[in-house]
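*Asks:* I'd like to ask you about the structure that follows.
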Amino acid sequence: MNLLFYIAATIAIISTIMAISGRNAIHSLLFLILSLLAVSVIFYLLNAPFIAALEVIIYAGAIMVLFIFVTMMLNIGMEGRTEKKWLSPGMWIAPSLLAAVLLADFILAITHVTGSPSVDQVILPKQVGISLFSTYLLAVEIAAILLMAGVIGAYHLGSQKKKFTHRFMIKN
Amino acid sequence: MLTVPVEIQILLAGILFLLGLIGLLVRRNMIFMLMSIEVMFNSAGLVFVIAGTHWRQPDGQVMFIFILAVTAVEVAIALALILQVYHHFKTLDADSVNKLRDHN
């Protein structure tokens with residue numbers, strides 16, 4: 001188990017370094033997704049399977065898709081690249097190797113559990129939910145207000161502004 | 001189960017946070033700066049989950065869920081701002097957005 005932790009931690013650090021030092025934005029984003037997956041494996045090893053699932057679904061799934069969409073809309077990072085160059089082994093061999101090691105790590109972590117995990121060690125989603133909706137109920141409502149503000153702000157900032165002229169200034 | 005000392009786990013989160021901080025300070029491309037901020041948020045959440053596991057309390061995971069919500073809002077607003085900046089300045093270089101700078 002400890003070796004699996006160290007492998008996942010190494011992959012997380014390496015892929016984060018690759019992500020922040022890359023030149024191509026899309027490749028950096030893919031390395032960042034790999035880093036998030038490695039952290040998700042670490043969450044699983046830390047007896048937090050619910051958080052591991054949330055990390056994959058929300059971080060690597062939803063937030064990174066937003067990043068990739070904006071990067072593609074801005075059309076940065078792949079000027080003049082032909083598909084042939086994209087498919088060359090040098091482009092995908094390093095992330096694929098890291099991801100394969102991470103997958104083997106995760107499979108080992110799942111299959112190597114001897115017996116059933118002791119229930120008092122794993123913090124189940126039920127406990128998290130009970131704590132979330134009793135102790136932290138006020139914080140949940142504040143987070144809801146924050147998300148609402150985020151929706152309105154993103155809509156306002158993302159909408160294309162019309163040229164506004166005062167009605168007295170319109171010439172007709 | 002996992003018997004890695006908790007100091008090592010916190011050290012991993014610290015290394016990830018420092019990498020994010022270095023990326024934020026070094027890179028000038030706004031997309032990369034935002035990615036570095038994501039790494040820092042993630043390592044902060046990692047610290048919460050490590051602490052929650054260490055004391056066998058669900059509070060750490062609850063805090064991670066809140067960090068997720070804050071991160072989602074922050075990313076949505078920041079990406080919309082980046083799109084606006086790109087439309088206005090036709091660049092993503094953070095140093096080029098200096099209209100408020102005091103020229104002396």
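A note on labels: chains of the structure tokens are A, B, ... as shown, every chain counts residues from 1, and ligands are counted from 1 in their shown order.
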Tell me as a ChimeraX atom specification which residues belonging to chain B come within 8 Å of chain A, counting only C-alpha atoms.

*Replies:* /B:1-4,12,15-16,19-20,23,27,31-32,35-36,39,42,46,49-50,53,56-59,61-62,64-66,68-70,72-77,79-81,83-84,86

*Asks:* Create the file for the chosen residues now, containing N, CA and C atoms and written as a short mmCIF file (atom, residue, chain, number, x, y, z; two decimals), in the first residue's frame.

*Replies:*
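Writing the result to again.cif gives the following:
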```
data_model
loop_
_atom_site.label_atom_id
_atom_site.label_comp_id
_atom_site.auth_asym_id
_atom_site.auth_seq_id
_atom_site.Cartn_x
_atom_site.Cartn_y
_atom_site.Cartn_z
N MET B 1 -3.74 -1.11 6.19
CA MET B 1 -3.99 -0.03 5.21
C MET B 1 -2.76 0.85 5.10
N LEU B 2 -2.97 2.06 4.69
CA LEU B 2 -1.87 2.97 4.39
C LEU B 2 -1.15 3.34 5.68
N THR B 3 0.17 3.11 5.70
CA THR B 3 0.93 3.46 6.89
C THR B 3 2.00 4.50 6.59
N VAL B 4 1.80 5.24 5.49
CA VAL B 4 2.74 6.33 5.21
C VAL B 4 2.59 7.37 6.31
N LEU B 12 3.75 15.96 0.44
CA LEU B 12 3.31 15.86 -0.95
C LEU B 12 2.38 17.03 -1.30
N ILE B 15 4.43 20.11 -1.69
CA ILE B 15 5.18 20.15 -2.96
C ILE B 15 4.24 20.56 -4.10
N LEU B 16 3.04 19.98 -4.10
CA LEU B 16 2.09 20.33 -5.16
C LEU B 16 1.72 21.80 -5.08
N LEU B 19 4.56 23.85 -6.42
CA LEU B 19 4.62 23.79 -7.88
C LEU B 19 3.59 24.73 -8.50
N GLY B 20 2.38 24.73 -7.92
CA GLY B 20 1.37 25.65 -8.42
C GLY B 20 1.78 27.10 -8.25
N GLY B 23 4.39 27.99 -10.77
CA GLY B 23 3.77 28.17 -12.08
C GLY B 23 3.05 29.50 -12.17
N ARG B 27 4.77 31.73 -15.11
CA ARG B 27 4.09 31.79 -16.40
C ARG B 27 3.34 33.11 -16.53
N ILE B 31 -4.02 31.27 -19.23
CA ILE B 31 -4.52 29.90 -19.09
C ILE B 31 -3.62 29.11 -18.15
N PHE B 32 -2.30 29.28 -18.31
CA PHE B 32 -1.38 28.55 -17.45
C PHE B 32 -1.44 29.05 -16.01
N MET B 35 -4.37 27.42 -14.51
CA MET B 35 -4.09 26.01 -14.23
C MET B 35 -3.26 25.87 -12.95
N SER B 36 -2.32 26.80 -12.75
CA SER B 36 -1.52 26.74 -11.52
C SER B 36 -2.38 26.98 -10.29
N VAL B 39 -4.03 23.81 -9.43
CA VAL B 39 -3.14 22.89 -8.71
C VAL B 39 -3.07 23.28 -7.24
N ASN B 42 -6.21 22.28 -5.47
CA ASN B 42 -6.26 20.83 -5.31
C ASN B 42 -5.38 20.38 -4.15
N LEU B 46 -6.29 18.46 -0.76
CA LEU B 46 -5.58 17.24 -0.35
C LEU B 46 -5.21 17.31 1.14
N VAL B 49 -8.30 16.50 3.18
CA VAL B 49 -8.67 15.08 3.21
C VAL B 49 -7.67 14.28 4.04
N ILE B 50 -6.38 14.64 3.94
CA ILE B 50 -5.37 13.96 4.76
C ILE B 50 -5.69 14.14 6.24
N THR B 53 -8.71 12.13 7.26
CA THR B 53 -8.41 10.70 7.42
C THR B 53 -7.60 10.46 8.69
N ARG B 56 -9.97 10.59 11.48
CA ARG B 56 -11.16 9.76 11.24
C ARG B 56 -12.45 10.56 11.39
N GLN B 57 -12.46 11.77 10.86
CA GLN B 57 -13.65 12.61 10.90
C GLN B 57 -14.07 12.93 9.48
N PRO B 58 -15.37 13.07 9.22
CA PRO B 58 -15.80 13.40 7.86
C PRO B 58 -15.63 14.87 7.51
N ASP B 59 -15.22 15.69 8.46
CA ASP B 59 -15.19 17.14 8.21
C ASP B 59 -14.23 17.51 7.08
N GLN B 61 -13.53 15.81 4.40
CA GLN B 61 -14.14 15.57 3.09
C GLN B 61 -15.23 16.59 2.80
N VAL B 62 -15.95 17.02 3.84
CA VAL B 62 -16.95 18.08 3.65
C VAL B 62 -16.27 19.35 3.15
N PHE B 64 -13.55 19.50 1.49
CA PHE B 64 -13.13 19.29 0.10
C PHE B 64 -14.29 19.56 -0.86
N ILE B 65 -15.50 19.17 -0.46
CA ILE B 65 -16.66 19.44 -1.33
C ILE B 65 -16.86 20.95 -1.47
N PHE B 66 -16.67 21.70 -0.37
CA PHE B 66 -16.81 23.16 -0.47
C PHE B 66 -15.73 23.74 -1.38
N LEU B 68 -14.41 22.25 -3.84
CA LEU B 68 -14.85 21.94 -5.21
C LEU B 68 -15.82 23.00 -5.72
N ALA B 69 -16.79 23.39 -4.87
CA ALA B 69 -17.78 24.39 -5.30
C ALA B 69 -17.10 25.72 -5.59
N VAL B 70 -16.21 26.12 -4.69
CA VAL B 70 -15.51 27.40 -4.89
C VAL B 70 -14.68 27.35 -6.15
N ALA B 72 -15.17 25.53 -8.83
CA ALA B 72 -16.00 25.55 -10.03
C ALA B 72 -16.42 26.98 -10.36
N VAL B 73 -16.85 27.73 -9.33
CA VAL B 73 -17.26 29.12 -9.57
C VAL B 73 -16.07 29.94 -10.07
N GLU B 74 -14.93 29.74 -9.41
CA GLU B 74 -13.75 30.53 -9.77
C GLU B 74 -13.33 30.26 -11.21
N VAL B 75 -13.36 29.00 -11.62
CA VAL B 75 -12.96 28.68 -12.98
C VAL B 75 -13.92 29.27 -13.99
N ALA B 76 -15.23 29.18 -13.70
CA ALA B 76 -16.20 29.71 -14.67
C ALA B 76 -16.00 31.22 -14.85
N ILE B 77 -15.89 31.97 -13.73
CA ILE B 77 -15.72 33.42 -13.83
C ILE B 77 -14.39 33.76 -14.50
N LEU B 79 -12.54 32.02 -16.57
CA LEU B 79 -12.47 31.72 -17.99
C LEU B 79 -13.29 32.73 -18.79
N ALA B 80 -14.43 33.17 -18.24
CA ALA B 80 -15.19 34.20 -18.93
C ALA B 80 -14.38 35.50 -19.01
N LEU B 81 -13.67 35.83 -17.92
CA LEU B 81 -12.82 37.03 -17.93
C LEU B 81 -11.70 36.89 -18.96
N LEU B 83 -11.77 35.16 -21.68
CA LEU B 83 -12.35 35.35 -23.02
C LEU B 83 -12.52 36.83 -23.32
N GLN B 84 -13.01 37.60 -22.31
CA GLN B 84 -13.18 39.04 -22.52
C GLN B 84 -11.84 39.72 -22.79
N TYR B 86 -9.22 38.40 -24.02
CA TYR B 86 -8.72 38.01 -25.34
C TYR B 86 -9.44 38.78 -26.44
#
```

*Asks:* Between CA of Ala109 (chain A) and CA of Leu30 (chain A), what is the distance in Å, rounded to a tenth?

*Replies:*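 About the pair CA of Ala109 (chain A) and CA of Leu30 (chain A): they are 23.4 Å apart.
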
*Asks:* Which residues in chain B does DSSP call alpha helix (DSSP H)? List them as an NGL selection string.

*Replies:* :B and (6-26 or 30-54 or 59-89)
